[in-house]
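Colleague: Below is one structure. I have some questions about it.
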Amino acid sequence: MEILKKIELLGLQISDLENFMVAIGEPKFRGKQVYKWIYHKGKSSFYEMSDLPKELRQRLDEIAKISIPRVLKQRVSADYTRKFLLELEEKKRVEAVVIPQSRDKNAQYTLCLSTQVGCPVGCSFCATGLSGYQRDLKAHEIVGQFLGAQNELAKKLKTQDKKLIKNVVYMGMGEPLLNYDEVIKSVYILNDPKGINIGQRHITISTAGEAEGIEMLARENLQVTLAVSLHACDNDLRNKLIPLNRKYPLERLIQAVERYISLTNRRVTFEYVMLEGVNTSRQDADNMIKLLKPLLVNVNLIPYNEVAGLSFKRPSPQKVAQFYKWLTAGGLNANIREEKGGDIEAACGQLRAETGRTRKRRL
Ligand code: SF4
């Protein structure tokens with residue numbers, strides 16, 4: 001007997017769900033009802049959709065599905081950051097991290113989402129790069145991380161409030177702009193005011209320097225924030241840290257950022273992971289000032305979060321402070337980013353979905 005594949009409803013917008021309902025012979029308004037159950041209440045079981053007729057719930061269960069990923073495991077940091085290991089279809093695993101903005105009981109959260117299983121870029125300091133690349137995520141799997149993390153967070157905090165997550169950053173596993181279409185689709189779903197309703201200005205898309213993707217993003221007419229991982233201001237060093245630099249060297253990357261700024265008029269964030277003895281010298285600071293001062297940018301300095309199996313080290317707080325002083329004295333807008341979740345390997349560059357594989361890498 002042929003087993004029919006169930007239709008995935010997660011990731012569909014209201015109009016898609018309305019069309020779906022009409023296509024299966026139901027009134028159009030049922031689409032709106034299901035939309036609310038998915039995106040407002042985070043439900044994946046049709047049997048919980050109490051305003052649908054019983055027969056429809058049963059029928060939907062037979063022909064459709066809502067694949068909110070299962071939380072297989074979670075770790076909680078001393079600073080209340082939570083890292084979730086989520087299971088997608090085909091048992092693929094990704095990590096998502098929720099970061100509280102304060103220690104307050106009613107704190108709002110930022111969610112860090114993954115866009116690929118593993119990552120093809122292979123930055124030499126990054127745990128995700130170590131685990132290799134398996135596949136891109138679909139838009140519904142990206143949005144599913146949001147709903148899965150939100151459900152779990154509400155459960156742990158014993159609250160019915162499903163509006164705890166206010167900011168979304170595409171900075172988890174993977175290079176978002178190498179999975180461009182699905183990432184943009186997921187942004188529209190997260191942003192829909194009738195649904196999850198995360199404001200565009202509360203969404204950040206991070207890239208290791210995919211220059212063509214930056215230019216495409218500039219043309220989307222979105223108000224999201226672009227964050228570019230810089231980590232080195234000369235091509236030799238950047239080639240070693242971020243292999244994508246061989247395809248898009250600094251000159252090409254900066255050209256794309258200039259286009260982005262001129263089209264969107266939005267300030268771009270440059271992320272700079274500080275690696276002891278690698279990119280923290282006075283010369284590195286001077287190179288950065290020369291490169292970025294003409295642009296409308298902020299620089300986030302991120303003292304490296306050490307990764308088991310890699311030889312890179314975090315610089316001392318004094319070195320970080322010195323580097324910051326050089327940049328600000330040179331006229332750059334810079335911040336030292338307060339890192340959260342380092343004790344549970346949930347901080348920047350530490351995600352790896354527990355494949356257990358590590359390789360020792362050196363520059
Ligand atoms: S830092 Fe980002 S782009 Fe580089 S390997 Fe890690 S996940 Fe991929």
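Just so we're on the same page: first chain in the structure tokens is A, next is B, and so on; residues restart at 1 for each chain, and ligands are numbered from 1 in the order they show up.
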8 Å from ligand 1 is the threshold here; counting only C-alpha atoms and all ligand atoms, which polymer residues fall inside it? Answer as an MDAnalysis selection string.

Modeller: chainID A and resid 118:130 171:175 207:208 229 242 348:349 351

Colleague: When you look at Lys313 of chain A with a cut-off of 10 Å (counting only C-alpha atoms), what residues show up, excluding the ones that are within fewer than 2 positions of it in the same chain? I need them as a ChimeraX atom specification.

Modeller: /A:125,274-278,303-307,310-311,315-316

Colleague: Can you list every residue in segment 193-270 of chain A that DSSP puts in helix (DSSP H, G or I), as a ChimeraX atom specification?

Modeller: /A:200-202,211-218,235-241,243-246,250-264

Colleague: Take the residues just selected and output them with N, CA, C and O atoms as a tab-separated table (two decimals), in the first residue's frame.

Modeller:
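result_28.tsv written:
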```
chain	number	residue	atom	x	y	z
A	200	GLN	N	11.37	43.72	12.34
A	200	GLN	CA	12.57	43.55	11.49
A	200	GLN	C	13.81	44.12	12.16
A	200	GLN	O	14.90	43.58	12.03
A	201	ARG	N	13.65	45.22	12.87
A	201	ARG	CA	14.81	45.82	13.52
A	201	ARG	C	15.30	44.99	14.72
A	201	ARG	O	16.32	45.30	15.33
A	202	HIS	N	14.53	43.96	15.06
A	202	HIS	CA	14.94	43.05	16.14
A	202	HIS	C	15.52	41.76	15.58
A	202	HIS	O	15.66	40.77	16.29
A	211	ALA	N	29.83	38.05	0.02
A	211	ALA	CA	29.61	39.38	-0.56
A	211	ALA	C	28.38	39.44	-1.47
A	211	ALA	O	27.60	40.39	-1.40
A	212	GLU	N	28.19	38.40	-2.30
A	212	GLU	CA	27.02	38.44	-3.19
A	212	GLU	C	25.72	38.39	-2.40
A	212	GLU	O	24.75	39.06	-2.74
A	213	GLY	N	25.71	37.61	-1.33
A	213	GLY	CA	24.53	37.53	-0.46
A	213	GLY	C	24.25	38.87	0.21
A	213	GLY	O	23.09	39.26	0.36
A	214	ILE	N	25.30	39.58	0.59
A	214	ILE	CA	25.13	40.90	1.22
A	214	ILE	C	24.44	41.84	0.22
A	214	ILE	O	23.52	42.58	0.57
A	215	GLU	N	24.87	41.77	-1.03
A	215	GLU	CA	24.27	42.65	-2.05
A	215	GLU	C	22.82	42.26	-2.34
A	215	GLU	O	21.97	43.13	-2.55
A	216	MET	N	22.54	40.98	-2.30
A	216	MET	CA	21.14	40.55	-2.49
A	216	MET	C	20.29	41.04	-1.32
A	216	MET	O	19.18	41.53	-1.50
A	217	LEU	N	20.83	40.89	-0.13
A	217	LEU	CA	20.09	41.33	1.08
A	217	LEU	C	19.81	42.83	1.02
A	217	LEU	O	18.74	43.29	1.41
A	218	ALA	N	20.76	43.58	0.50
A	218	ALA	CA	20.58	45.03	0.39
A	218	ALA	C	19.37	45.37	-0.46
A	218	ALA	O	18.69	46.36	-0.22
A	235	ASN	N	44.35	40.25	4.24
A	235	ASN	CA	43.86	39.06	3.55
A	235	ASN	C	44.61	37.78	3.94
A	235	ASN	O	43.99	36.72	4.00
A	236	ASP	N	45.91	37.88	4.20
A	236	ASP	CA	46.66	36.66	4.53
A	236	ASP	C	46.08	36.00	5.77
A	236	ASP	O	45.82	34.80	5.80
A	237	LEU	N	45.90	36.82	6.81
A	237	LEU	CA	45.39	36.26	8.07
A	237	LEU	C	43.92	35.83	7.90
A	237	LEU	O	43.51	34.76	8.35
A	238	ARG	N	43.15	36.66	7.20
A	238	ARG	CA	41.72	36.33	7.06
A	238	ARG	C	41.53	35.05	6.24
A	238	ARG	O	40.62	34.28	6.51
A	239	ASN	N	42.41	34.82	5.25
A	239	ASN	CA	42.34	33.57	4.49
A	239	ASN	C	42.48	32.37	5.41
A	239	ASN	O	41.85	31.33	5.21
A	240	LYS	N	43.35	32.53	6.43
A	240	LYS	CA	43.58	31.39	7.34
A	240	LYS	C	42.43	31.22	8.31
A	240	LYS	O	42.09	30.10	8.68
A	241	LEU	N	41.84	32.33	8.75
A	241	LEU	CA	40.77	32.23	9.75
A	241	LEU	C	39.42	31.89	9.10
A	241	LEU	O	38.63	31.13	9.66
A	243	PRO	N	38.09	30.72	5.49
A	243	PRO	CA	38.45	30.33	4.11
A	243	PRO	C	37.61	31.03	3.03
A	243	PRO	O	38.07	31.18	1.90
A	244	LEU	N	36.40	31.49	3.37
A	244	LEU	CA	35.56	32.21	2.41
A	244	LEU	C	36.24	33.48	1.90
A	244	LEU	O	35.89	34.00	0.84
A	245	ASN	N	37.25	33.96	2.65
A	245	ASN	CA	37.96	35.17	2.24
A	245	ASN	C	38.72	34.97	0.92
A	245	ASN	O	39.00	35.93	0.22
A	246	ARG	N	39.02	33.70	0.60
A	246	ARG	CA	39.72	33.47	-0.68
A	246	ARG	C	38.78	33.76	-1.84
A	246	ARG	O	39.22	34.19	-2.90
A	250	LEU	N	38.97	40.96	1.30
A	250	LEU	CA	38.49	42.14	2.03
A	250	LEU	C	37.99	43.26	1.12
A	250	LEU	O	36.96	43.86	1.39
A	251	GLU	N	38.71	43.51	0.02
A	251	GLU	CA	38.31	44.62	-0.86
A	251	GLU	C	36.91	44.37	-1.41
A	251	GLU	O	36.08	45.28	-1.48
A	252	ARG	N	36.64	43.10	-1.79
A	252	ARG	CA	35.33	42.75	-2.35
A	252	ARG	C	34.25	42.81	-1.25
A	252	ARG	O	33.13	43.27	-1.50
A	253	LEU	N	34.61	42.35	-0.07
A	253	LEU	CA	33.66	42.38	1.06
A	253	LEU	C	33.27	43.82	1.41
A	253	LEU	O	32.09	44.14	1.56
A	254	ILE	N	34.29	44.67	1.48
A	254	ILE	CA	34.01	46.08	1.85
A	254	ILE	C	33.16	46.75	0.77
A	254	ILE	O	32.25	47.51	1.06
A	255	GLN	N	33.44	46.41	-0.48
A	255	GLN	CA	32.63	46.95	-1.59
A	255	GLN	C	31.16	46.56	-1.40
A	255	GLN	O	30.25	47.38	-1.55
A	256	ALA	N	30.92	45.30	-1.02
A	256	ALA	CA	29.53	44.83	-0.83
A	256	ALA	C	28.89	45.56	0.36
A	256	ALA	O	27.72	45.95	0.30
A	257	VAL	N	29.67	45.77	1.41
A	257	VAL	CA	29.13	46.46	2.60
A	257	VAL	C	28.81	47.92	2.24
A	257	VAL	O	27.77	48.45	2.65
A	258	GLU	N	29.67	48.53	1.45
A	258	GLU	CA	29.39	49.92	1.02
A	258	GLU	C	28.08	49.98	0.24
A	258	GLU	O	27.25	50.86	0.46
A	259	ARG	N	27.88	49.01	-0.65
A	259	ARG	CA	26.63	48.98	-1.42
A	259	ARG	C	25.45	48.79	-0.47
A	259	ARG	O	24.39	49.39	-0.63
A	260	TYR	N	25.63	47.92	0.50
A	260	TYR	CA	24.55	47.64	1.46
A	260	TYR	C	24.17	48.93	2.20
A	260	TYR	O	22.99	49.27	2.32
A	261	ILE	N	25.19	49.64	2.67
A	261	ILE	CA	24.92	50.86	3.44
A	261	ILE	C	24.27	51.91	2.55
A	261	ILE	O	23.30	52.56	2.94
A	262	SER	N	24.77	52.03	1.32
A	262	SER	CA	24.20	53.10	0.48
A	262	SER	C	22.76	52.78	0.08
A	262	SER	O	21.93	53.67	-0.03
A	263	LEU	N	22.42	51.49	-0.08
A	263	LEU	CA	21.04	51.15	-0.45
A	263	LEU	C	20.08	51.17	0.73
A	263	LEU	O	18.92	51.53	0.59
A	264	THR	N	20.56	50.76	1.91
A	264	THR	CA	19.64	50.61	3.06
A	264	THR	C	19.74	51.76	4.05
A	264	THR	O	18.86	51.93	4.89
```

Colleague: In Å, with one decimal, what is the gap from atom CA of Ile99 of chain A to atom CA of Val183 of chain A?

Modeller: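 The value is 20.9 Å.
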
Colleague: Select, from A:Ser67, A:Gln116, A:Gln33, A:Asn335, the residue with the minimum atom-to-atom distance to Gly148 of chain A, counting only C-alpha atoms.

Modeller: A:Ser67

Colleague: Excluding same-chain residues fewer than 4 positions from Asp343 of chain A, what lies within 10 Å of it counting only C-alpha atoms, as a PDB file with N, CA, C and O atoms, in the first residue's frame?

Modeller:
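Dumped to part-v5.pdb:
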```pdb
ATOM      1  N   ARG A  75      20.894  22.635  28.085  1.00  0.00           N
ATOM      2  CA  ARG A  75      21.833  22.968  29.162  1.00  0.00           C
ATOM      3  C   ARG A  75      21.574  24.412  29.557  1.00  0.00           C
ATOM      4  O   ARG A  75      21.274  25.254  28.717  1.00  0.00           O
ATOM      5  N   VAL A  76      21.689  24.664  30.864  1.00  0.00           N
ATOM      6  CA  VAL A  76      21.427  26.012  31.357  1.00  0.00           C
ATOM      7  C   VAL A  76      22.723  26.562  31.944  1.00  0.00           C
ATOM      8  O   VAL A  76      23.381  25.914  32.762  1.00  0.00           O
ATOM      9  N   SER A  77      23.072  27.755  31.525  1.00  0.00           N
ATOM     10  CA  SER A  77      24.299  28.394  31.987  1.00  0.00           C
ATOM     11  C   SER A  77      24.068  29.073  33.342  1.00  0.00           C
ATOM     12  O   SER A  77      22.926  29.349  33.730  1.00  0.00           O
ATOM     13  N   ALA A  78      25.156  29.397  34.023  1.00  0.00           N
ATOM     14  CA  ALA A  78      25.072  30.143  35.283  1.00  0.00           C
ATOM     15  C   ALA A  78      24.415  31.504  35.043  1.00  0.00           C
ATOM     16  O   ALA A  78      23.822  32.081  35.954  1.00  0.00           O
ATOM     17  N   ASP A  79      24.510  32.029  33.805  1.00  0.00           N
ATOM     18  CA  ASP A  79      23.873  33.329  33.528  1.00  0.00           C
ATOM     19  C   ASP A  79      22.469  33.155  32.933  1.00  0.00           C
ATOM     20  O   ASP A  79      21.906  34.098  32.386  1.00  0.00           O
ATOM     21  N   THR A  81      21.508  31.572  30.343  1.00  0.00           N
ATOM     22  CA  THR A  81      21.437  31.257  28.914  1.00  0.00           C
ATOM     23  C   THR A  81      21.098  29.768  28.779  1.00  0.00           C
ATOM     24  O   THR A  81      21.607  28.939  29.540  1.00  0.00           O
ATOM     25  N   ASN A 305      35.845  32.458  22.757  1.00  0.00           N
ATOM     26  CA  ASN A 305      35.373  31.394  23.651  1.00  0.00           C
ATOM     27  C   ASN A 305      36.099  30.123  23.267  1.00  0.00           C
ATOM     28  O   ASN A 305      35.893  29.617  22.159  1.00  0.00           O
ATOM     29  N   ALA A 347      28.194  29.897  23.550  1.00  0.00           N
ATOM     30  CA  ALA A 347      28.602  31.219  23.079  1.00  0.00           C
ATOM     31  C   ALA A 347      29.039  31.139  21.624  1.00  0.00           C
ATOM     32  O   ALA A 347      29.144  30.064  21.035  1.00  0.00           O
TER      33      ALA A 347
END
```

Colleague: Just list the residues in segment 99-340 of chain A DSSP gives strand (DSSP E or B) on the backbone, as a ChimeraX atom specification.

Modeller: /A:99-100,109-112,116-118,133-136,165-170,203-207,225-229,268-274,297-303,310,334-336

Colleague: Pull C-alpha atoms from the residues just selected and write them as a compact mmCIF listing (two decimals), in the first residue's frame.

Modeller:
```txt
# COMPACT_ATOMS: atom_id res chain seq x y z
CA ILE A 99 19.94 34.43 25.96
CA PRO A 100 18.18 36.46 28.68
CA TYR A 109 15.18 36.83 25.47
CA THR A 110 17.29 36.84 22.33
CA LEU A 111 17.21 33.67 20.29
CA CYS A 112 20.22 32.57 18.25
CA GLN A 116 22.50 24.86 8.29
CA VAL A 117 23.35 21.47 9.76
CA GLY A 118 27.07 22.01 10.29
CA TYR A 133 28.52 20.42 6.61
CA GLN A 134 25.49 18.20 6.11
CA ARG A 135 22.69 20.26 4.62
CA ASP A 136 20.80 23.56 4.53
CA ILE A 165 11.64 36.08 22.73
CA LYS A 166 11.99 39.64 21.44
CA ASN A 167 15.13 39.44 19.30
CA VAL A 168 16.35 36.90 16.79
CA VAL A 169 19.93 36.59 15.58
CA TYR A 170 20.93 34.30 12.73
CA ILE A 203 16.37 40.59 13.62
CA THR A 204 20.10 40.32 12.85
CA ILE A 205 21.55 38.31 9.98
CA SER A 206 25.20 37.45 10.37
CA THR A 207 27.62 36.50 7.62
CA THR A 225 20.58 44.39 10.91
CA LEU A 226 23.53 42.98 8.98
CA ALA A 227 26.43 41.66 11.04
CA VAL A 228 29.70 40.82 9.27
CA SER A 229 32.33 38.59 10.86
CA VAL A 268 26.39 47.54 9.76
CA THR A 269 27.88 45.64 12.70
CA PHE A 270 31.33 44.12 12.33
CA GLU A 271 32.09 41.22 14.67
CA TYR A 272 35.71 40.69 15.65
CA VAL A 273 36.62 37.54 17.56
CA MET A 274 39.76 38.33 19.54
CA VAL A 297 29.60 50.71 11.20
CA ASN A 298 29.81 49.46 14.77
CA VAL A 299 32.48 47.03 15.88
CA ASN A 300 31.74 44.30 18.41
CA LEU A 301 34.84 42.86 20.04
CA ILE A 302 34.26 39.28 21.14
CA PRO A 303 36.94 37.76 23.37
CA LEU A 310 41.35 23.92 18.99
CA ALA A 334 33.31 49.84 19.28
CA ASN A 335 31.89 47.69 22.07
CA ILE A 336 33.25 44.77 24.01
```

Colleague: Excluding same-chain residues fewer than 6 positions from His40 of chain A, what lies within 9 Å of it counting only C-alpha atoms, as a list in words?

Modeller: Lys162, Lys163, Lys194, Gly195 and Ile196 of chain A

Colleague: With N, CA and C atoms retained, export the selected residues as a PDB file, in the first residue's frame.

Modeller:
```pdb
ATOM      1  N   LYS A 162       3.805  33.467  25.632  1.00  0.00           N
ATOM      2  CA  LYS A 162       4.554  32.974  24.469  1.00  0.00           C
ATOM      3  C   LYS A 162       5.225  34.131  23.735  1.00  0.00           C
ATOM      4  N   LYS A 163       5.476  35.208  24.456  1.00  0.00           N
ATOM      5  CA  LYS A 163       6.115  36.358  23.814  1.00  0.00           C
ATOM      6  C   LYS A 163       7.428  36.690  24.532  1.00  0.00           C
ATOM      7  N   LYS A 194       0.812  39.393  11.948  1.00  0.00           N
ATOM      8  CA  LYS A 194      -0.362  38.582  12.336  1.00  0.00           C
ATOM      9  C   LYS A 194       0.067  37.284  13.030  1.00  0.00           C
ATOM     10  N   GLY A 195       1.380  37.028  13.017  1.00  0.00           N
ATOM     11  CA  GLY A 195       1.851  35.762  13.584  1.00  0.00           C
ATOM     12  C   GLY A 195       2.849  35.985  14.706  1.00  0.00           C
ATOM     13  N   ILE A 196       4.093  35.556  14.486  1.00  0.00           N
ATOM     14  CA  ILE A 196       5.101  35.627  15.552  1.00  0.00           C
ATOM     15  C   ILE A 196       5.471  37.080  15.846  1.00  0.00           C
TER      16      ILE A 196
END
```

Colleague: Take atom CA of Val143 of chain A and atom CA of Pro27 of chain A and report the distance between them in Å, one decimal.

Modeller: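 Result for atom CA of Val143 of chain A versus atom CA of Pro27 of chain A: 26.2 Å, one decimal.
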
Colleague: Name all residues at most 10 Å from Ile289 of chain A (count only C-alpha atoms; drop same-chain ones fewer than 6 positions away) and give them as a PyMOL selection string.

Modeller: chain A and resi 233+283+326-332

Colleague: Might you pull out every residue within 9 Å of Met49 of chain A, with only C-alpha atoms counted and same-chain residues fewer than 3 positions away left off, and present them as a PyMOL selection string?

Modeller: chain A and resi 33-34+37+43+45-46+52-53+57

Colleague: Selected residues, all heavy atoms, written as a PDB file, in the first residue's frame, please.

Modeller:
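And here is the file that came out, part16.pdb:
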```pdb
ATOM      1  N   GLN A  33      -7.536  30.043  11.429  1.00  0.00           N
ATOM      2  CA  GLN A  33      -7.575  29.371  12.741  1.00  0.00           C
ATOM      3  C   GLN A  33      -6.310  28.527  12.953  1.00  0.00           C
ATOM      4  O   GLN A  33      -5.671  28.594  14.002  1.00  0.00           O
ATOM      5  CB  GLN A  33      -8.813  28.463  12.808  1.00  0.00           C
ATOM      6  CG  GLN A  33     -10.112  29.243  12.975  1.00  0.00           C
ATOM      7  CD  GLN A  33     -11.311  28.302  12.950  1.00  0.00           C
ATOM      8  OE1 GLN A  33     -11.522  27.556  11.999  1.00  0.00           O
ATOM      9  NE2 GLN A  33     -12.101  28.353  14.012  1.00  0.00           N
ATOM     10  N   VAL A  34      -5.957  27.760  11.925  1.00  0.00           N
ATOM     11  CA  VAL A  34      -4.763  26.901  12.068  1.00  0.00           C
ATOM     12  C   VAL A  34      -3.509  27.765  12.211  1.00  0.00           C
ATOM     13  O   VAL A  34      -2.607  27.467  13.007  1.00  0.00           O
ATOM     14  CB  VAL A  34      -4.646  25.919  10.865  1.00  0.00           C
ATOM     15  CG1 VAL A  34      -3.321  25.169  10.898  1.00  0.00           C
ATOM     16  CG2 VAL A  34      -5.812  24.943  10.870  1.00  0.00           C
ATOM     17  N   TRP A  37      -3.093  28.737  15.753  1.00  0.00           N
ATOM     18  CA  TRP A  37      -2.636  27.633  16.608  1.00  0.00           C
ATOM     19  C   TRP A  37      -1.140  27.392  16.443  1.00  0.00           C
ATOM     20  O   TRP A  37      -0.431  27.104  17.404  1.00  0.00           O
ATOM     21  CB  TRP A  37      -3.423  26.351  16.277  1.00  0.00           C
ATOM     22  CG  TRP A  37      -4.800  26.352  16.865  1.00  0.00           C
ATOM     23  CD1 TRP A  37      -5.977  26.497  16.196  1.00  0.00           C
ATOM     24  CD2 TRP A  37      -5.153  26.221  18.251  1.00  0.00           C
ATOM     25  NE1 TRP A  37      -7.033  26.465  17.062  1.00  0.00           N
ATOM     26  CE2 TRP A  37      -6.563  26.293  18.338  1.00  0.00           C
ATOM     27  CE3 TRP A  37      -4.428  26.043  19.431  1.00  0.00           C
ATOM     28  CZ2 TRP A  37      -7.250  26.197  19.547  1.00  0.00           C
ATOM     29  CZ3 TRP A  37      -5.111  25.948  20.636  1.00  0.00           C
ATOM     30  CH2 TRP A  37      -6.502  26.030  20.694  1.00  0.00           C
ATOM     31  N   LYS A  43       1.480  25.189  18.631  1.00  0.00           N
ATOM     32  CA  LYS A  43       0.959  23.813  18.694  1.00  0.00           C
ATOM     33  C   LYS A  43       1.344  23.018  17.450  1.00  0.00           C
ATOM     34  O   LYS A  43       1.325  23.541  16.332  1.00  0.00           O
ATOM     35  CB  LYS A  43      -0.571  23.817  18.810  1.00  0.00           C
ATOM     36  CG  LYS A  43      -1.077  24.457  20.090  1.00  0.00           C
ATOM     37  CD  LYS A  43      -0.667  23.681  21.319  1.00  0.00           C
ATOM     38  CE  LYS A  43      -1.187  24.330  22.592  1.00  0.00           C
ATOM     39  NZ  LYS A  43      -0.547  23.815  23.797  1.00  0.00           N
ATOM     40  N   SER A  45       0.052  19.615  17.370  1.00  0.00           N
ATOM     41  CA  SER A  45      -0.962  18.554  17.303  1.00  0.00           C
ATOM     42  C   SER A  45      -2.305  19.149  16.887  1.00  0.00           C
ATOM     43  O   SER A  45      -2.813  20.060  17.542  1.00  0.00           O
ATOM     44  CB  SER A  45      -1.098  17.873  18.666  1.00  0.00           C
ATOM     45  OG  SER A  45      -2.293  17.118  18.673  1.00  0.00           O
ATOM     46  N   PHE A  46      -2.874  18.603  15.809  1.00  0.00           N
ATOM     47  CA  PHE A  46      -4.177  19.098  15.357  1.00  0.00           C
ATOM     48  C   PHE A  46      -5.253  18.819  16.402  1.00  0.00           C
ATOM     49  O   PHE A  46      -6.240  19.532  16.480  1.00  0.00           O
ATOM     50  CB  PHE A  46      -4.554  18.440  14.022  1.00  0.00           C
ATOM     51  CG  PHE A  46      -3.612  18.826  12.911  1.00  0.00           C
ATOM     52  CD1 PHE A  46      -2.688  17.931  12.412  1.00  0.00           C
ATOM     53  CD2 PHE A  46      -3.649  20.106  12.376  1.00  0.00           C
ATOM     54  CE1 PHE A  46      -1.813  18.291  11.399  1.00  0.00           C
ATOM     55  CE2 PHE A  46      -2.775  20.484  11.357  1.00  0.00           C
ATOM     56  CZ  PHE A  46      -1.857  19.569  10.881  1.00  0.00           C
ATOM     57  N   LEU A  52     -11.554  23.724  15.929  1.00  0.00           N
ATOM     58  CA  LEU A  52     -11.797  23.022  14.652  1.00  0.00           C
ATOM     59  C   LEU A  52     -12.733  21.839  14.914  1.00  0.00           C
ATOM     60  O   LEU A  52     -12.635  21.197  15.966  1.00  0.00           O
ATOM     61  CB  LEU A  52     -10.477  22.467  14.083  1.00  0.00           C
ATOM     62  CG  LEU A  52      -9.347  23.437  13.761  1.00  0.00           C
ATOM     63  CD1 LEU A  52      -8.198  22.678  13.102  1.00  0.00           C
ATOM     64  CD2 LEU A  52      -9.806  24.566  12.853  1.00  0.00           C
ATOM     65  N   PRO A  53     -13.626  21.546  13.956  1.00  0.00           N
ATOM     66  CA  PRO A  53     -14.482  20.376  14.145  1.00  0.00           C
ATOM     67  C   PRO A  53     -13.640  19.105  14.313  1.00  0.00           C
ATOM     68  O   PRO A  53     -12.568  18.986  13.712  1.00  0.00           O
ATOM     69  CB  PRO A  53     -15.292  20.314  12.845  1.00  0.00           C
ATOM     70  CG  PRO A  53     -15.144  21.650  12.215  1.00  0.00           C
ATOM     71  CD  PRO A  53     -13.862  22.241  12.685  1.00  0.00           C
ATOM     72  N   ARG A  57     -10.042  17.854  12.496  1.00  0.00           N
ATOM     73  CA  ARG A  57      -8.781  17.612  13.224  1.00  0.00           C
ATOM     74  C   ARG A  57      -8.210  16.242  12.834  1.00  0.00           C
ATOM     75  O   ARG A  57      -7.015  16.102  12.580  1.00  0.00           O
ATOM     76  CB  ARG A  57      -9.035  17.630  14.739  1.00  0.00           C
ATOM     77  CG  ARG A  57      -9.306  19.008  15.268  1.00  0.00           C
ATOM     78  CD  ARG A  57      -9.390  18.982  16.764  1.00  0.00           C
ATOM     79  NE  ARG A  57     -10.686  19.440  17.223  1.00  0.00           N
ATOM     80  CZ  ARG A  57     -11.138  19.342  18.463  1.00  0.00           C
ATOM     81  NH1 ARG A  57     -10.399  18.780  19.380  1.00  0.00           N
ATOM     82  NH2 ARG A  57     -12.314  19.796  18.790  1.00  0.00           N
TER      83      ARG A  57
END
```

Colleague: Find the residues near Ile14 of chain A: any atom within 8 Å, counting only C-alpha atoms, skip ones fewer than 2 places away on the same chain, and give them as an MDAnalysis selection string.

Modeller: chainID A and resid 12 16:18 31:32 35
